[in-house]
>>> print(open('query_35.cif').read())   # mmCIF, C-alpha atoms, pLDDT in the B column; chains and numbers go by the auth columns
data_final
#
loop_
_atom_site.group_PDB
_atom_site.id
_atom_site.type_symbol
_atom_site.label_atom_id
_atom_site.label_comp_id
_atom_site.label_asym_id
_atom_site.label_seq_id
_atom_site.Cartn_x
_atom_site.Cartn_y
_atom_site.Cartn_z
_atom_site.B_iso_or_equiv
_atom_site.auth_seq_id
_atom_site.auth_asym_id
ATOM 1 C CA MET A 1 21.228 -20.670 -3.979 77.00 793 A
ATOM 2 C CA ASN A 2 22.795 -17.612 -2.340 94.00 794 A
ATOM 3 C CA ARG A 3 21.188 -14.828 -0.315 97.00 795 A
ATOM 4 C CA LEU A 4 22.505 -11.322 -0.927 98.00 796 A
ATOM 5 C CA GLN A 5 21.864 -8.253 1.251 98.00 797 A
ATOM 6 C CA PHE A 6 22.336 -4.819 -0.341 98.00 798 A
ATOM 7 C CA THR A 7 20.950 -1.315 -0.891 98.00 799 A
ATOM 8 C CA PHE A 8 19.573 0.170 -4.095 98.00 800 A
ATOM 9 C CA GLY A 9 18.452 3.606 -5.181 98.00 801 A
ATOM 10 C CA CYS A 10 14.967 5.095 -5.087 98.00 802 A
ATOM 11 C CA GLY A 11 15.488 8.654 -6.241 96.00 803 A
ATOM 12 C CA SER A 12 18.009 10.178 -3.831 97.00 804 A
ATOM 13 C CA LEU A 13 17.290 7.595 -1.133 98.00 805 A
ATOM 14 C CA LYS A 14 18.685 4.136 -0.412 98.00 806 A
ATOM 15 C CA LEU A 15 16.371 1.188 0.110 98.00 807 A
ATOM 16 C CA ALA A 16 17.364 -2.142 1.665 98.00 808 A
ATOM 17 C CA GLY A 17 16.898 -5.313 -0.329 98.00 809 A
ATOM 18 C CA SER A 18 17.494 -9.061 -0.215 98.00 810 A
ATOM 19 C CA LEU A 19 17.930 -11.396 -3.153 98.00 811 A
ATOM 20 C CA ASP A 20 17.721 -15.180 -3.086 98.00 812 A
ATOM 21 C CA THR A 21 19.459 -16.206 -6.290 98.00 813 A
ATOM 22 C CA ALA A 22 18.403 -18.991 -8.648 98.00 814 A
ATOM 23 C CA PRO A 23 19.141 -19.827 -12.287 96.00 815 A
ATOM 24 C CA GLY A 24 15.573 -19.714 -13.626 97.00 816 A
ATOM 25 C CA THR A 25 14.325 -17.179 -16.167 98.00 817 A
ATOM 26 C CA THR A 26 11.252 -16.311 -14.080 98.00 818 A
ATOM 27 C CA GLY A 27 11.606 -14.323 -10.853 98.00 819 A
ATOM 28 C CA LEU A 28 9.396 -13.251 -7.968 98.00 820 A
ATOM 29 C CA LEU A 29 9.367 -9.829 -6.328 98.00 821 A
ATOM 30 C CA ILE A 30 7.744 -9.836 -2.879 98.00 822 A
ATOM 31 C CA VAL A 31 6.114 -6.574 -1.756 98.00 823 A
ATOM 32 C CA SER A 32 5.626 -6.320 2.012 97.00 824 A
ATOM 33 C CA GLY A 33 2.272 -5.264 3.445 94.00 825 A
ATOM 34 C CA GLY A 34 1.583 -2.645 6.109 91.00 826 A
ATOM 35 C CA ASN A 35 4.736 -1.500 7.883 94.00 827 A
ATOM 36 C CA GLU A 36 6.187 -4.998 7.736 96.00 828 A
ATOM 37 C CA ILE A 37 9.893 -5.364 7.038 97.00 829 A
ATOM 38 C CA ARG A 38 11.083 -7.519 4.152 98.00 830 A
ATOM 39 C CA SER A 39 11.650 -10.614 6.301 97.00 831 A
ATOM 40 C CA GLY A 40 7.935 -10.678 7.121 95.00 832 A
ATOM 41 C CA ALA A 41 6.163 -11.567 10.349 87.00 833 A
ATOM 42 C CA PHE A 42 8.201 -14.178 12.236 88.00 834 A
ATOM 43 C CA SER A 43 10.525 -14.271 9.181 94.00 835 A
ATOM 44 C CA GLY A 44 7.717 -15.774 7.113 94.00 836 A
ATOM 45 C CA GLN A 45 8.637 -13.964 3.895 97.00 837 A
ATOM 46 C CA SER A 46 12.294 -14.803 4.343 97.00 838 A
ATOM 47 C CA ARG A 47 11.488 -18.510 4.633 97.00 839 A
ATOM 48 C CA LEU A 48 9.075 -18.335 1.698 98.00 840 A
ATOM 49 C CA ALA A 49 11.755 -16.693 -0.454 98.00 841 A
ATOM 50 C CA ALA A 50 14.234 -19.449 0.366 98.00 842 A
ATOM 51 C CA ARG A 51 11.760 -22.187 -0.501 98.00 843 A
ATOM 52 C CA ILE A 52 10.790 -20.585 -3.814 98.00 844 A
ATOM 53 C CA ALA A 53 14.449 -19.999 -4.733 98.00 845 A
ATOM 54 C CA ARG A 54 15.248 -23.657 -4.070 98.00 846 A
ATOM 55 C CA LYS A 55 12.691 -24.479 -6.768 98.00 847 A
ATOM 56 C CA GLY A 56 14.660 -22.409 -9.304 98.00 848 A
ATOM 57 C CA PHE A 57 13.122 -18.919 -9.089 98.00 849 A
ATOM 58 C CA SER A 58 15.073 -15.853 -7.936 98.00 850 A
ATOM 59 C CA VAL A 59 13.235 -13.919 -5.211 98.00 851 A
ATOM 60 C CA PHE A 60 13.701 -10.234 -4.393 98.00 852 A
ATOM 61 C CA ARG A 61 12.415 -8.608 -1.190 98.00 853 A
ATOM 62 C CA PHE A 62 12.789 -5.004 -0.020 98.00 854 A
ATOM 63 C CA ASP A 63 11.879 -2.464 2.647 98.00 855 A
ATOM 64 C CA ARG A 64 9.969 0.455 1.201 97.00 856 A
ATOM 65 C CA ARG A 65 10.856 4.030 2.122 98.00 857 A
ATOM 66 C CA GLY A 66 10.717 4.697 5.861 97.00 858 A
ATOM 67 C CA VAL A 67 10.381 1.012 6.804 97.00 859 A
ATOM 68 C CA GLY A 68 13.017 -1.280 8.286 97.00 860 A
ATOM 69 C CA ASP A 69 16.514 -0.538 6.998 97.00 861 A
ATOM 70 C CA SER A 70 15.414 1.854 4.243 98.00 862 A
ATOM 71 C CA GLU A 71 15.829 5.618 4.216 98.00 863 A
ATOM 72 C CA GLY A 72 13.089 8.195 3.810 98.00 864 A
ATOM 73 C CA GLU A 73 9.572 8.802 5.043 97.00 865 A
ATOM 74 C CA ASN A 74 6.942 6.079 5.243 96.00 866 A
ATOM 75 C CA ARG A 75 4.080 7.400 3.150 95.00 867 A
ATOM 76 C CA GLY A 76 1.977 4.249 3.124 96.00 868 A
ATOM 77 C CA PHE A 77 1.023 1.716 0.494 97.00 869 A
ATOM 78 C CA ARG A 78 -0.939 4.164 -1.661 96.00 870 A
ATOM 79 C CA LYS A 79 2.278 6.063 -2.392 96.00 871 A
ATOM 80 C CA SER A 80 4.600 3.095 -2.857 97.00 872 A
ATOM 81 C CA LYS A 81 4.580 3.082 -6.672 97.00 873 A
ATOM 82 C CA GLY A 82 8.083 4.556 -6.844 98.00 874 A
ATOM 83 C CA ASP A 83 9.416 2.011 -4.336 98.00 875 A
ATOM 84 C CA ILE A 84 8.009 -0.911 -6.317 98.00 876 A
ATOM 85 C CA ARG A 85 9.361 0.454 -9.593 98.00 877 A
ATOM 86 C CA ALA A 86 12.837 0.973 -8.099 98.00 878 A
ATOM 87 C CA ALA A 87 12.809 -2.557 -6.652 98.00 879 A
ATOM 88 C CA LEU A 88 11.825 -4.034 -10.011 98.00 880 A
ATOM 89 C CA GLU A 89 14.640 -2.146 -11.769 98.00 881 A
ATOM 90 C CA ALA A 90 17.185 -3.331 -9.187 98.00 882 A
ATOM 91 C CA PHE A 91 15.921 -6.921 -9.418 98.00 883 A
ATOM 92 C CA SER A 92 16.157 -6.926 -13.210 98.00 884 A
ATOM 93 C CA ALA A 93 19.718 -5.557 -13.068 98.00 885 A
ATOM 94 C CA MET A 94 20.861 -8.140 -10.522 97.00 886 A
ATOM 95 C CA ALA A 95 19.248 -11.126 -12.255 97.00 887 A
ATOM 96 C CA PRO A 96 19.718 -10.355 -15.968 97.00 888 A
ATOM 97 C CA GLN A 97 18.790 -13.901 -17.005 97.00 889 A
ATOM 98 C CA MET A 98 15.163 -13.240 -16.086 98.00 890 A
ATOM 99 C CA GLU A 99 12.660 -13.049 -18.918 98.00 891 A
ATOM 100 C CA ARG A 100 9.561 -12.769 -16.708 98.00 892 A
ATOM 101 C CA VAL A 101 8.952 -11.202 -13.287 98.00 893 A
ATOM 102 C CA PHE A 102 5.913 -11.822 -11.086 98.00 894 A
ATOM 103 C CA ALA A 103 4.962 -9.769 -8.032 98.00 895 A
ATOM 104 C CA PHE A 104 3.445 -11.175 -4.853 98.00 896 A
ATOM 105 C CA GLY A 105 1.801 -9.080 -2.153 98.00 897 A
ATOM 106 C CA ASN A 106 -0.370 -9.807 0.875 98.00 898 A
ATOM 107 C CA CYS A 107 -2.908 -7.368 2.342 97.00 899 A
ATOM 108 C CA ASP A 108 -2.242 -3.741 1.338 97.00 900 A
ATOM 109 C CA ALA A 109 0.796 -4.860 -0.672 98.00 901 A
ATOM 110 C CA ALA A 110 -1.679 -6.616 -2.984 98.00 902 A
ATOM 111 C CA SER A 111 -3.712 -3.405 -3.049 98.00 903 A
ATOM 112 C CA ALA A 112 -0.607 -1.388 -3.962 98.00 904 A
ATOM 113 C CA LEU A 113 0.129 -3.703 -6.899 98.00 905 A
ATOM 114 C CA MET A 114 -3.428 -3.306 -8.145 98.00 906 A
ATOM 115 C CA LEU A 115 -3.303 0.479 -7.816 98.00 907 A
ATOM 116 C CA THR A 116 -0.070 0.620 -9.845 98.00 908 A
ATOM 117 C CA GLU A 117 -1.777 -1.399 -12.623 98.00 909 A
ATOM 118 C CA GLY A 118 0.944 -4.036 -12.284 98.00 910 A
ATOM 119 C CA LYS A 119 3.217 -1.980 -14.512 97.00 911 A
ATOM 120 C CA GLY A 120 6.444 -3.747 -15.428 98.00 912 A
ATOM 121 C CA PHE A 121 5.307 -7.193 -14.256 98.00 913 A
ATOM 122 C CA ASP A 122 4.296 -10.224 -16.246 98.00 914 A
ATOM 123 C CA GLY A 123 2.037 -11.583 -13.523 98.00 915 A
ATOM 124 C CA LEU A 124 0.488 -10.617 -10.194 98.00 916 A
ATOM 125 C CA ILE A 125 -0.178 -12.882 -7.213 99.00 917 A
ATOM 126 C CA LEU A 126 -2.565 -10.970 -4.943 98.00 918 A
ATOM 127 C CA SER A 127 -3.299 -12.314 -1.466 98.00 919 A
ATOM 128 C CA ASN A 128 -6.060 -11.010 0.828 98.00 920 A
ATOM 129 C CA PRO A 129 -6.241 -7.518 -0.746 98.00 921 A
ATOM 130 C CA TRP A 130 -7.030 -4.684 1.674 98.00 922 A
ATOM 131 C CA THR A 131 -10.137 -2.748 0.612 96.00 923 A
ATOM 132 C CA ILE A 132 -10.880 -0.412 3.545 93.00 924 A
ATOM 133 C CA ALA A 133 -10.473 3.229 2.511 87.00 925 A
ATOM 134 C CA GLU A 134 -8.831 5.653 4.941 72.00 926 A
ATOM 135 C CA ASP A 135 -12.130 7.302 5.867 60.00 927 A
ATOM 136 C CA GLU A 136 -13.655 3.895 6.619 50.00 928 A
ATOM 137 C CA GLU A 137 -10.863 2.387 8.715 48.00 929 A
ATOM 138 C CA THR A 138 -11.566 0.952 12.157 47.00 930 A
ATOM 139 C CA ALA A 139 -9.312 -0.826 14.624 40.00 931 A
ATOM 140 C CA GLU A 140 -10.221 -4.146 13.052 47.00 932 A
ATOM 141 C CA PRO A 141 -12.122 -5.045 9.872 47.00 933 A
ATOM 142 C CA GLN A 142 -15.599 -6.373 10.606 51.00 934 A
ATOM 143 C CA HIS A 143 -16.948 -9.657 9.312 51.00 935 A
ATOM 144 C CA ALA A 144 -18.775 -9.318 6.003 56.00 936 A
ATOM 145 C CA PRO A 145 -22.491 -10.290 6.215 58.00 937 A
ATOM 146 C CA GLU A 146 -21.880 -13.053 3.671 55.00 938 A
ATOM 147 C CA ALA A 147 -19.179 -14.572 5.873 53.00 939 A
ATOM 148 C CA ILE A 148 -21.424 -14.456 8.959 54.00 940 A
ATOM 149 C CA ARG A 149 -24.270 -16.146 7.077 50.00 941 A
ATOM 150 C CA SER A 150 -21.919 -18.842 5.821 52.00 942 A
ATOM 151 C CA ARG A 151 -20.617 -19.443 9.359 51.00 943 A
ATOM 152 C CA TYR A 152 -24.129 -19.892 10.787 49.00 944 A
ATOM 153 C CA ILE A 153 -25.133 -22.227 7.963 51.00 945 A
ATOM 154 C CA GLU A 154 -22.137 -24.428 8.763 50.00 946 A
ATOM 155 C CA LYS A 155 -23.051 -24.437 12.454 52.00 947 A
ATOM 156 C CA LEU A 156 -26.628 -25.496 11.665 55.00 948 A
ATOM 157 C CA LYS A 157 -25.231 -28.504 9.795 55.00 949 A
ATOM 158 C CA ASN A 158 -23.293 -29.615 12.880 61.00 950 A
ATOM 159 C CA PRO A 159 -25.348 -31.772 15.309 68.00 951 A
ATOM 160 C CA SER A 160 -23.060 -30.909 18.235 67.00 952 A
ATOM 161 C CA GLU A 161 -23.724 -27.194 17.712 61.00 953 A
ATOM 162 C CA ILE A 162 -27.487 -27.814 17.681 65.00 954 A
ATOM 163 C CA ALA A 163 -27.160 -29.818 20.893 63.00 955 A
ATOM 164 C CA ARG A 164 -25.105 -27.035 22.493 64.00 956 A
ATOM 165 C CA LEU A 165 -27.827 -24.528 21.629 59.00 957 A
ATOM 166 C CA LEU A 166 -30.550 -26.742 23.116 63.00 958 A
ATOM 167 C CA ARG A 167 -28.505 -27.239 26.310 68.00 959 A
ATOM 168 C CA GLY A 168 -28.264 -23.488 26.779 65.00 960 A
ATOM 169 C CA GLY A 169 -24.550 -23.409 26.002 63.00 961 A
ATOM 170 C CA VAL A 170 -24.884 -20.501 23.592 60.00 962 A
ATOM 171 C CA ASP A 171 -24.865 -16.805 24.555 61.00 963 A
ATOM 172 C CA LEU A 172 -28.255 -15.754 23.161 57.00 964 A
ATOM 173 C CA LYS A 173 -27.372 -12.041 23.143 61.00 965 A
ATOM 174 C CA LYS A 174 -24.249 -12.748 21.108 62.00 966 A
ATOM 175 C CA LEU A 175 -26.290 -15.006 18.825 52.00 967 A
ATOM 176 C CA ALA A 176 -28.848 -12.249 18.285 55.00 968 A
ATOM 177 C CA ARG A 177 -26.120 -9.752 17.406 57.00 969 A
ATOM 178 C CA GLY A 178 -24.647 -12.221 14.931 53.00 970 A
ATOM 179 C CA VAL A 179 -28.001 -12.925 13.290 50.00 971 A
ATOM 180 C CA SER A 180 -28.650 -9.183 13.039 56.00 972 A
ATOM 181 C CA ALA A 181 -25.260 -8.616 11.422 47.00 973 A
ATOM 182 C CA SER A 182 -25.877 -11.443 8.958 49.00 974 A
ATOM 183 C CA LEU A 183 -29.062 -9.726 7.780 55.00 975 A
ATOM 184 C CA ARG A 184 -27.275 -6.497 6.837 56.00 976 A
ATOM 185 C CA PRO A 185 -27.203 -5.709 3.117 55.00 977 A
ATOM 186 C CA SER A 186 -24.161 -6.917 1.242 53.00 978 A
ATOM 187 C CA SER A 187 -21.185 -4.592 1.389 57.00 979 A
ATOM 188 C CA SER A 188 -20.773 -1.897 -1.250 63.00 980 A
ATOM 189 C CA PRO A 189 -17.297 -1.507 -2.740 71.00 981 A
ATOM 190 C CA SER A 190 -15.216 1.159 -1.004 83.00 982 A
ATOM 191 C CA SER A 191 -13.577 3.918 -3.005 92.00 983 A
ATOM 192 C CA LEU A 192 -10.284 2.072 -2.522 96.00 984 A
ATOM 193 C CA ALA A 193 -11.769 -1.181 -3.846 95.00 985 A
ATOM 194 C CA GLN A 194 -13.082 0.638 -6.901 96.00 986 A
ATOM 195 C CA ASP A 195 -9.656 2.164 -7.568 97.00 987 A
ATOM 196 C CA MET A 196 -8.062 -1.272 -7.174 97.00 988 A
ATOM 197 C CA ARG A 197 -10.490 -2.839 -9.634 97.00 989 A
ATOM 198 C CA SER A 198 -9.853 -0.050 -12.143 97.00 990 A
ATOM 199 C CA GLY A 199 -6.103 -0.516 -11.809 98.00 991 A
ATOM 200 C CA LEU A 200 -6.274 -4.277 -12.231 98.00 992 A
ATOM 201 C CA ASP A 201 -8.479 -3.883 -15.314 98.00 993 A
ATOM 202 C CA GLN A 202 -5.542 -2.109 -16.989 98.00 994 A
ATOM 203 C CA PHE A 203 -3.169 -5.023 -16.389 98.00 995 A
ATOM 204 C CA GLU A 204 -2.723 -7.432 -19.298 97.00 996 A
ATOM 205 C CA GLY A 205 -0.595 -10.093 -17.561 98.00 997 A
ATOM 206 C CA SER A 206 -1.701 -13.130 -15.589 98.00 998 A
ATOM 207 C CA VAL A 207 -3.528 -12.551 -12.301 98.00 999 A
ATOM 208 C CA HIS A 208 -3.895 -14.936 -9.368 98.00 1000 A
ATOM 209 C CA ILE A 209 -6.046 -13.879 -6.394 98.00 1001 A
ATOM 210 C CA LEU A 210 -5.518 -15.896 -3.201 98.00 1002 A
ATOM 211 C CA LEU A 211 -7.966 -15.626 -0.307 98.00 1003 A
ATOM 212 C CA ALA A 212 -7.549 -17.059 3.197 98.00 1004 A
ATOM 213 C CA GLY A 213 -10.954 -18.386 4.203 96.00 1005 A
ATOM 214 C CA ALA A 214 -10.795 -17.397 7.885 96.00 1006 A
ATOM 215 C CA ASP A 215 -9.364 -13.919 7.295 97.00 1007 A
ATOM 216 C CA ARG A 216 -11.640 -10.886 7.709 95.00 1008 A
ATOM 217 C CA THR A 217 -9.661 -8.824 5.221 96.00 1009 A
ATOM 218 C CA ALA A 218 -10.122 -11.543 2.595 97.00 1010 A
ATOM 219 C CA GLN A 219 -13.807 -11.889 3.463 96.00 1011 A
ATOM 220 C CA LEU A 220 -14.397 -8.178 2.972 95.00 1012 A
ATOM 221 C CA PHE A 221 -12.636 -8.291 -0.386 96.00 1013 A
ATOM 222 C CA ASP A 222 -14.602 -11.386 -1.385 96.00 1014 A
ATOM 223 C CA SER A 223 -17.919 -9.727 -0.490 93.00 1015 A
ATOM 224 C CA THR A 224 -17.415 -7.016 -3.109 91.00 1016 A
ATOM 225 C CA TRP A 225 -15.692 -9.106 -5.805 95.00 1017 A
ATOM 226 C CA ASP A 226 -17.123 -11.356 -8.501 94.00 1018 A
ATOM 227 C CA ARG A 227 -17.653 -14.710 -6.812 89.00 1019 A
ATOM 228 C CA ASN A 228 -17.272 -16.452 -10.170 93.00 1020 A
ATOM 229 C CA ASP A 229 -13.942 -14.849 -11.051 96.00 1021 A
ATOM 230 C CA PRO A 230 -11.838 -17.821 -12.272 97.00 1022 A
ATOM 231 C CA ARG A 231 -8.668 -16.097 -11.064 98.00 1023 A
ATOM 232 C CA VAL A 232 -9.686 -16.518 -7.396 98.00 1024 A
ATOM 233 C CA ARG A 233 -8.418 -19.393 -5.259 98.00 1025 A
ATOM 234 C CA ARG A 234 -9.588 -19.885 -1.672 98.00 1026 A
ATOM 235 C CA CYS A 235 -7.791 -21.644 1.181 98.00 1027 A
ATOM 236 C CA GLU A 236 -10.468 -22.758 3.626 96.00 1028 A
ATOM 237 C CA GLY A 237 -9.627 -22.166 7.284 96.00 1029 A
ATOM 238 C CA ALA A 238 -6.454 -20.190 6.614 97.00 1030 A
ATOM 239 C CA GLY A 239 -5.622 -17.030 8.544 96.00 1031 A
ATOM 240 C CA HIS A 240 -4.239 -13.808 7.130 96.00 1032 A
ATOM 241 C CA ALA A 241 -0.570 -14.884 7.217 95.00 1033 A
ATOM 242 C CA TYR A 242 -1.054 -18.594 6.380 96.00 1034 A
ATOM 243 C CA VAL A 243 0.769 -19.598 9.554 94.00 1035 A
ATOM 244 C CA GLU A 244 -0.387 -23.225 9.799 96.00 1036 A
ATOM 245 C CA PRO A 245 1.883 -25.713 7.964 96.00 1037 A
ATOM 246 C CA GLU A 246 -0.854 -26.910 5.609 98.00 1038 A
ATOM 247 C CA HIS A 247 -1.769 -23.310 4.763 97.00 1039 A
ATOM 248 C CA ARG A 248 1.880 -22.368 4.163 97.00 1040 A
ATOM 249 C CA ASP A 249 2.165 -25.353 1.838 98.00 1041 A
ATOM 250 C CA TRP A 250 -0.986 -24.244 -0.006 98.00 1042 A
ATOM 251 C CA LEU A 251 0.365 -20.714 -0.455 98.00 1043 A
ATOM 252 C CA GLU A 252 3.713 -21.964 -1.731 98.00 1044 A
ATOM 253 C CA ALA A 253 1.986 -24.351 -4.149 98.00 1045 A
ATOM 254 C CA GLN A 254 -0.174 -21.530 -5.513 98.00 1046 A
ATOM 255 C CA ILE A 255 2.832 -19.250 -6.039 98.00 1047 A
ATOM 256 C CA LEU A 256 4.840 -21.989 -7.753 98.00 1048 A
ATOM 257 C CA ALA A 257 1.913 -22.854 -10.014 98.00 1049 A
ATOM 258 C CA ALA A 258 1.675 -19.208 -11.079 98.00 1050 A
ATOM 259 C CA LEU A 259 5.416 -18.946 -11.745 98.00 1051 A
ATOM 260 C CA ARG A 260 5.445 -22.163 -13.772 98.00 1052 A
ATOM 261 C CA ALA A 261 2.405 -21.371 -15.906 95.00 1053 A
#
>>> encode(input="query_35.cif", output="structure tokens")
Amino acid sequence: MNRLQFTFGCGSLKLAGSLDTAPGTTGLLIVSGGNEIRSGAFSGQSRLAARIARKGFSVFRFDRRGVGDSEGENRGFRKSKGDIRAALEAFSAMAPQMERVFAFGNCDAASALMLTEGKGFDGLILSNPWTIAEDEETAEPQHAPEAIRSRYIEKLKNPSEIARLLRGGVDLKKLARGVSASLRPSSSPSSLAQDMRSGLDQFEGSVHILLAGADRTAQLFDSTWDRNDPRVRRCEGAGHAYVEPEHRDWLEAQILAALRA
């Protein structure tokens, strides 16, 4: 396995990319979420790429326009279709042995892949898709009512939590706010979520939806999605970036299973 650093064209601009080479005929293109550079938070995507490449799959990462080492203006994930298409073309040219290419994205990178209808890819691996439309954004996504209800049900099953409540070790005002929030009606899909669903419905390849159980972004997505969708896999207790070793292992296993299918 070798790691190559390079630039490739996106219209008149140059974007920065990284390729972990491998001999396999299936490759993985990683799309970064938010304003994250291609190495990922704490180099998480860089390490993931190396692990996947060691299993025989080439992995391509890139900085979209206006992010990291790439030229241009950062216009956000909704307008990243051209960046993704240019990255796919560069990946295919640099790894001509590939017969299939999958895309992986976390957070709004997953949303971007859904909005672009997955064009050009054979499979999509969508982690914790972001569903908050611009006119609905707050500093931090709120817990979905379903997630709050589930959390309280789990607490009621725990004898130590019941004992803590009886001893007066629970903030009753906070408890009342939580109970009130749990009684809110279930969330309605945002306009963004509806656009994402419409885009994904146009995709004919394989789809794998990965949700971190302790992540608010994933919980909000889950609250408006079909709970019986067989494409959904959930990692209980995992945070948004799968930072714990067992959660990283779960994520890697899910990606490898998708690539090998």
>>> residues_near_point(input="query_35.cif", point="(-8.3, -19.5, -4.2)", cutoff="9 Å", atoms="all atoms listed in the file", output="JSON, numbers by chain")
{"A": [1000, 1001, 1002, 1003, 1004, 1005, 1022, 1023, 1024, 1025, 1026, 1027, 1028, 1046]}
>>> atom_distance(input="query_35.cif", atom1="atom CA of A:Gly1031", atom2="atom CA of A:Ala1006")
5.2 Å
>>> residues_near_point(input="query_35.cif", point="(12.8, -15.2, -13.2)", cutoff="8 Å", atoms="all atoms listed in the file", output="PyMOL selection string")
chain A and resi 815-820+849-850+887+889-894
>>> closest_residue(input="query_35.cif", among="A:Asn866, A:Ser982, A:Gln1011, A:Ser919", to="A:Phe896", atoms="only C-alpha atoms")
A:Ser919
>>> atom_distance(input="query_35.cif", atom1="atom CA of A:Ile1047", atom2="atom CA of A:Ile917")
7.1 Å
>>> residues_around(input="query_35.cif", residues="A:Phe852", least_positions_apart="5", cutoff="6 Å", atoms="only C-alpha atoms", output="short mmCIF file (atom, residue, chain, number, x, y, z; two decimals) with C-alpha atoms, in the coordinates of the input")
data_model
loop_
_atom_site.label_atom_id
_atom_site.label_comp_id
_atom_site.auth_asym_id
_atom_site.auth_seq_id
_atom_site.Cartn_x
_atom_site.Cartn_y
_atom_site.Cartn_z
CA SER A 810 17.49 -9.06 -0.22
CA LEU A 811 17.93 -11.40 -3.15
CA LEU A 821 9.37 -9.83 -6.33
#
>>> residues_around(input="query_35.cif", residues="A:Ala833", least_positions_apart="4", cutoff="10 Å", atoms="only C-alpha atoms", output="PyMOL selection string")
chain A and resi 824+828-829+837-838+1033+1035
>>> write_last_selection(input="query_35.cif", atoms="C-alpha atoms", output="mmCIF file, in the frame of the given file")
data_model
loop_
_atom_site.group_PDB
_atom_site.id
_atom_site.type_symbol
_atom_site.label_atom_id
_atom_site.label_comp_id
_atom_site.auth_asym_id
_atom_site.auth_seq_id
_atom_site.Cartn_x
_atom_site.Cartn_y
_atom_site.Cartn_z
ATOM 1 C CA SER A 824 5.626 -6.320 2.012
ATOM 2 C CA GLU A 828 6.187 -4.998 7.736
ATOM 3 C CA ILE A 829 9.893 -5.364 7.038
ATOM 4 C CA GLN A 837 8.637 -13.964 3.895
ATOM 5 C CA SER A 838 12.294 -14.803 4.343
ATOM 6 C CA ALA A 1033 -0.570 -14.884 7.217
ATOM 7 C CA VAL A 1035 0.769 -19.598 9.554
#
>>> resolve_selection(input="query_35.cif", expression="the PyMOL selection byres ((chain A and resi 797) around 9)", output="ChimeraX atom specification")
/A:795-796,798-799,808-811
>>> axis_aligned_box(input="query_35.cif", around="stretch 837-847 of chain A", padding_each_side="6 Å", output="AutoDock Vina command-line options")
--center_x 11.9 --center_y -19.2 --center_z -1.1 --size_x 18.6 --size_y 22.5 --size_z 23.4
>>> atom_distance(input="query_35.cif", atom1="atom CA of A:Gly825", atom2="atom CA of A:Gly897")
6.8 Å
>>> closest_residue(input="query_35.cif", among="A:Ala902, A:Ala895, A:Leu880, A:Leu807", to="A:Gly826", atoms="all atoms listed in the file")
A:Ala902
